[in-house]
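Student: The structure that follows is given in the form of structure tokens.
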2 protein chains.
Amino acid sequence: MTENGLGHRERVLNVDTMNPNVKRIEYAVRGPIVQRAVQIEKELKEGVKKPFTEVIKANIGDAHAMGQKPITFFRQVIALCVYPDLLEDEKFPEDAKNRARRILQACGGGSLGAYSASSGIEVIRQDVAKYIEKRDGGIPSNPDNIYLSTGASDAIATMLKLLTSGEGKTRTGVMISIPQYPLYSAALAELAAVQISYYLDEDKCWSLDVNELRRAVKAAREHCNPRALCIINPGNPTGQVQSRQCIENVIRFAAEEHLFLMADEVYQDNVYMEGCQFHSFKKVLFEMGSEYSSVVELASFHSTSKCYMGECGFRGGYMEVINMDPEVKLQLTKLVSVRLCPSIPGQALLDLVVNHPQPDEPSYATFIKERTANLHILSEKAKMTEQVLNTVPGIHCNPVQGAMYTFPRLTLPEKAINAAKEKEQAPDMFYCMKLLEETGICLVPGSGFGQRDGTYHFRMTILPATEKLKIVLEKIREFHKRFTEEFS
Amino acid sequence: MTENGLGHRERVLNVDTMNPNVKRIEYAVRGPIVQRAVQIEKELKEGVKKPFTEVIKANIGDAHAMGQKPITFFRQVIALCVYPDLLEDEKFPEDAKNRARRILQACGGGSLGAYSASSGIEVIRQDVAKYIEKRDGGIPSNPDNIYLSTGASDAIATMLKLLTSGEGKTRTGVMISIPQYPLYSAALAELAAVQISYYLDEDKCWSLDVNELRRAVKAAREHCNPRALCIINPGNPTGQVQSRQCIENVIRFAAEEHLFLMADEVYQDNVYMEGCQFHSFKKVLFEMGSEYSSVVELASFHSTSKCYMGECGFRGGYMEVINMDPEVKLQLTKLVSVRLCPSIPGQALLDLVVNHPQPDEPSYATFIKERTANLHILSEKAKMTEQVLNTVPGIHCNPVQGAMYTFPRLTLPEKAINAAKEKEQAPDMFYCMKLLEETGICLVPGSGFGQRDGTYHFRMTILPATEKLKIVLEKIREFHKRFTEEFS
Ligand SMILES: Cc1ncc(COP(=O)(O)O)c(C=O)c1O
Ligand SMILES: Cc1ncc(COP(=O)(O)O)c(C=O)c1O
């Protein structure tokens with residue numbers, strides 16, 4: 001016993017006493033492979049010799065980190081809002097100044113430094129509603145249904161939280177696609193809600209088959225209460241774009257099975273493949289007539305992080321809720337109040353995304369040029385990625401129809417699978433770790449997103465600059481050949 | 001039955017099926033009174049006649065909304081980071097440019113638009129650690145113990161989440177002061193953790209008595225597992241500043257009772273009263289010797305929202321964890337990864353707060369002038385608030401030693417209390433609603449923060465501009481007199 005009587009003892013907070021739901025979370029996008037990549041970067045800086053000179057992070061959908069430049073107009077307006085003395089500066093175009101004045105007027109005390117209403121600045125929610133109306137060919141959108149958020153992540157986690165209740169067999173179940181974006185499984189684990197997996201059809205370009213939804217929900221009803229269905233369109237990590245018909249089928253299914261729909265549409269501008277088009281769930285729902293549009297509950301999500309702007313760091317986003325119970329909306333407003341409000345620079349940036357320069361404004365031409373260029377380059381990289389990977393024996397890659405990723409399938413030799421098992425690693429984790437150590441390329445193993453048993457994948461972003469992407473693809477090709485030989 | 005067979009039915013998500021923990025949350029700072037204030041503002045705009053011409057919001061600690069101006073240097077640097085073309089502009093001082101270059105270099109792709117590491121940009125975490133070391137007279141701070149956050153709210157909620165486990169009698173209990181900042185009770189309700197209330201001593205300037213902590217924890221051990229103790233210093237809503245002795249006693253108590261300490265120090269620069277001084281829990285802990293400093297687990301929180309800068313909208317903040325189990329730290333890192341990262345403009349602003357201009361830099365003089373002026377004005381307003389309110393018969397106001405609030409006690413006539421009961425309102429809610437309707441002044445009733453049964457209070461910020469604050473105080477005085485007469 002020591003002087004103060006405290007002696008030796010366990011910590012209050014340790015892995016045995018901490019929140020068990022948090023322990024159950026898995027989050028591969030920033031998991032061990034990324035941590036090792038960061039370590040390797042440090043080693044390179046310290047002069048450790050490696051068979052490569054830089055780490056290339058193709059693990060995360062972060063366009064600016066990969067060299068994409070911000071949209072000039074957006075940054076001009078935000079700079080004006082941050083430091084309004086610049087409103088006197090002749091270098092800034094008038095339309096940028098007008099936007100900045102309008103945003104500042106809507107801020108408390110005319111400053112980005114004031115808190116806003118918890119659901120976001122009213123003027124911006126109105127602009128979001130106008131954007132949605134225009135996008136959806138005039139179907140009305142009500143600003144009272146718009147909640148601004150700290151990136152889409154925040155809004156998605158909040159909706160899942162609202163939906164979770166019950167115990168045992170009545171516990172909320174939520175349907176998510178496999179492969180999935182791991183925010184969903186992580187949020188469900190944290191909430192101790194039940195994850196209901198439905199598989200996308202790799203053989204049909206990762207499309208969604210309603211029969212598979214039926215199978216999954218039926219099985220789930222045995223042990224939980226399925227209440228929501230999450231869709232990512234365009235898809236992460238799979239890069240598919242859903243057809244209008246498929247969306248209709250999904251909506252009909254949700255109506256029949258009495259499920260709340262969550263449509264993650266953060267890649268709505270990222271459609272590359274000819275013949276593919278983005279259809280919002282909201283629009284399709286309303287075009288199906290009031291039989292559906294008056295009853296199906298829907299939350300859809302958007303973000304400043306993706307599309308042509310890629311402004312991840314600003315953490316801007318919104319959700320629109322349709323047919324939400326007015327009392328639940330009050331509860332939602334209360335819930336988001338606890339965190340006070342989303343970042344105001346993020347809200348301001350979102351405003352510019354939904355309310356960009358118009359043809360009669362001085363910044364229009366540059367804006368369109370930059371936007372088109374960003375989307376065009378992404379589109380080229382999507383095609384190149386598919387083409388090159390499909391030349392590699394043992395890699396099969398579906399077309400990258402949209403979003404920013406490919407999720408190719410790997411044929412791995414039996415010996416490699418055994419070697420991985422010995423290391424207690426998933427075979428594709430083993431593969432990606434080796435790739436990282438040998439080439440400096442950081443990908444995320446398919447096991448982090450979920451995949452059919454016995455299949456192996458990795459997820460790779462198409463974001464590295466074109467020249468770098470070429471090198472990355474070439475290095476993967478060589479590595480895959482070496483790997484296959486080594487383990488044959 | 002309708003055509004599609006959906007017919008009439010309940011919504012999937014309604015108040016009966018939604019998350020019951022969310023329903024249990026109460027959040028007064030943005031509750032009914034604030035909603036009514038927003039409504040009244042709209043009515044005024046629409047030309048509805050009222051006995052006043054504007055709503056004055058003294059309900060929330062939002063300095064910029066109340067007219068405080070941002071620190072010039074901070075905004076210059078952020079503008080430079082947002083729109084780096086300005087680095088060529090001669091109007092910006094060199095030290096601002098150097099700071100901006102340093103921040104941008106630490107950002108992915110040199111852009112505020114890239115995600116950062118989930119615990120925050122490494123250079124900024126290092127700057128935070130240096131700031132803490134300097135603040136605490138050289139006691140070491142390790143950047144690996146620093147987690148940047150989306151305002152302090154985010155970090156506080158995250159720590160409470162980590163700490164929550166168990167069921168029934170083993171469910172985590174968390175001690176919070178009454179009156180409290182309602183983020184705490186809200187987060188605990190959401191987590192279904194047990195709130196253990198300890199009362200601050202109004203008769204002794206809202207000080208904290210360890211005997212009251214003992215009483216509270218003893219009673220709580222009957223029905224839950226007390227695991228953490230939260231302290232707000234300087235205090236919100238009560239404006240007290242804890243003495244060094246009191247902090248020592250609290251730390252000793254936490255050690256004896258095996259509690260994890262959470263120190264909310266977001267008002268660390270807001271100390272006005274002569275003889276009062278801010279002591280960080282970290283510093284006191286380490287000065288108590290290794291008997292304590294090697295065992296007591298502590299998380300302390302800071303924010304860009306308060307102090308002299310009041311940059312609430314940027315949602316910047318950090319927490320430092322001491323003696324946290326290394327395995328739990330890994331779990332914490334994983335947990336924060338799910339939301340990707342805190343806002344980068346918020347992180348950048350935090351960097352400036354912890355790494356402000358130095359005496360040999362061109363912006364130093366202006367920075368010091370602005371900071372001193374802001375703190376001086378707050379200090380004057382703190383004194384004025386106390387003085388004027390104490391001249392009102394039926395209002396008793398403790399000295400505003402620090403933070404940005406006063407929490408005066410109201411003597412309410414029996415008839416008013418009965419009138420409130422008839423409306424099923426807390427008596428101080430009844431009072432504040434009437435004050436709002438008659439004067440346009442928006443305060444938060446004490447019932448929203450917790451108070452001893454049978455006592456009544458309101459919380460008011462000292463933030464309105466001096467001239468406006470005078471008017472507010474005068475109007476409160478008149479109202480209180482009228483109210484007392486009306487119900488006598
Ligand atoms: C499908 C999907 N949804 C949501 C998000 C969250 O993005 P953010 O929180 O940055 O808006 C991402 C990010 O990669 C994503 O891919
Ligand atoms: C005591 C206390 N803690 C935490 C916060 C949260 O502030 P933020 O999330 O803006 O940092 C506040 C805000 O008023 C507060 O008063």
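The way I read the labels, and the way they are meant: chains A, B, ... in the order of the structure tokens, residue 1 as the first residue of every chain, and ligand 1 as the first ligand shown, with later ones counted on from there.
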Find the residues around segment 131-146 of chain A up to 12 Å (only C-alpha atoms counted), leave out those fewer than 2 positions away in its own chain, and share them as an MDAnalysis selection string.
Tutor: chainID A and resid 118:129 148:149 155 268:269 278:287 289 293 298:302 317:326 328:330 332:333 350:356
Student: Would you list which chain B residues are within 6 Å of chain A using only C-alpha atoms, as a ChimeraX atom specification?
Tutor: /B:14-15,18-19,62,64-65,67,75,79,82-83,108-109,112-115,153,162-165,183,311-315,325,328,338-339,343-344
Student: Determine which residues of segment 289-455 of chain A receive a DSSP assignment of strand (DSSP E), computed from the backbone, and state them as a list in words.
Tutor: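 Of segment 289-455 of chain A, only Leu298, Ala299, Ser300, Phe301, His302, Ser303, Gly316, Gly317, Tyr318, Met319, Glu320, Val321, Ile322, Ile395, His396, Tyr405, Thr406, Arg409, Leu410, Ile441, Cys442, Val444 and Pro445 of chain A fall in strand (DSSP E).
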Student: Could you check the closest approach to ligand 1 for each of A:Ile33, A:Met404, A:Ala373, A:Ala382 and tell me which residue wins, using only C-alpha atoms and all ligand atoms?
Tutor: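 Using only C-alpha atoms and all ligand atoms, ligand 1 sits closest to A:Met404.
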Student: Can you list, as a list of chain:residue names, every protein, DNA or RNA residue that comes within 8 Å of Met460 of chain A when you count only C-alpha atoms, leaving out same-chain residues fewer than 3 positions away?
Tutor: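 Within the cut-off, the hits are A:Ala58, A:Asn59, A:Ile60, A:Tyr405, A:Thr406, A:Phe407, A:Leu443, A:Val444.
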Student: What does the structure give for the distance between atom CA of Asn98 of chain B and atom CA of Phe367 of chain B, in Å to one decimal?
Tutor: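 Atom CA of Phe367 of chain B lies at a distance of 15.9 Å from atom CA of Asn98 of chain B.
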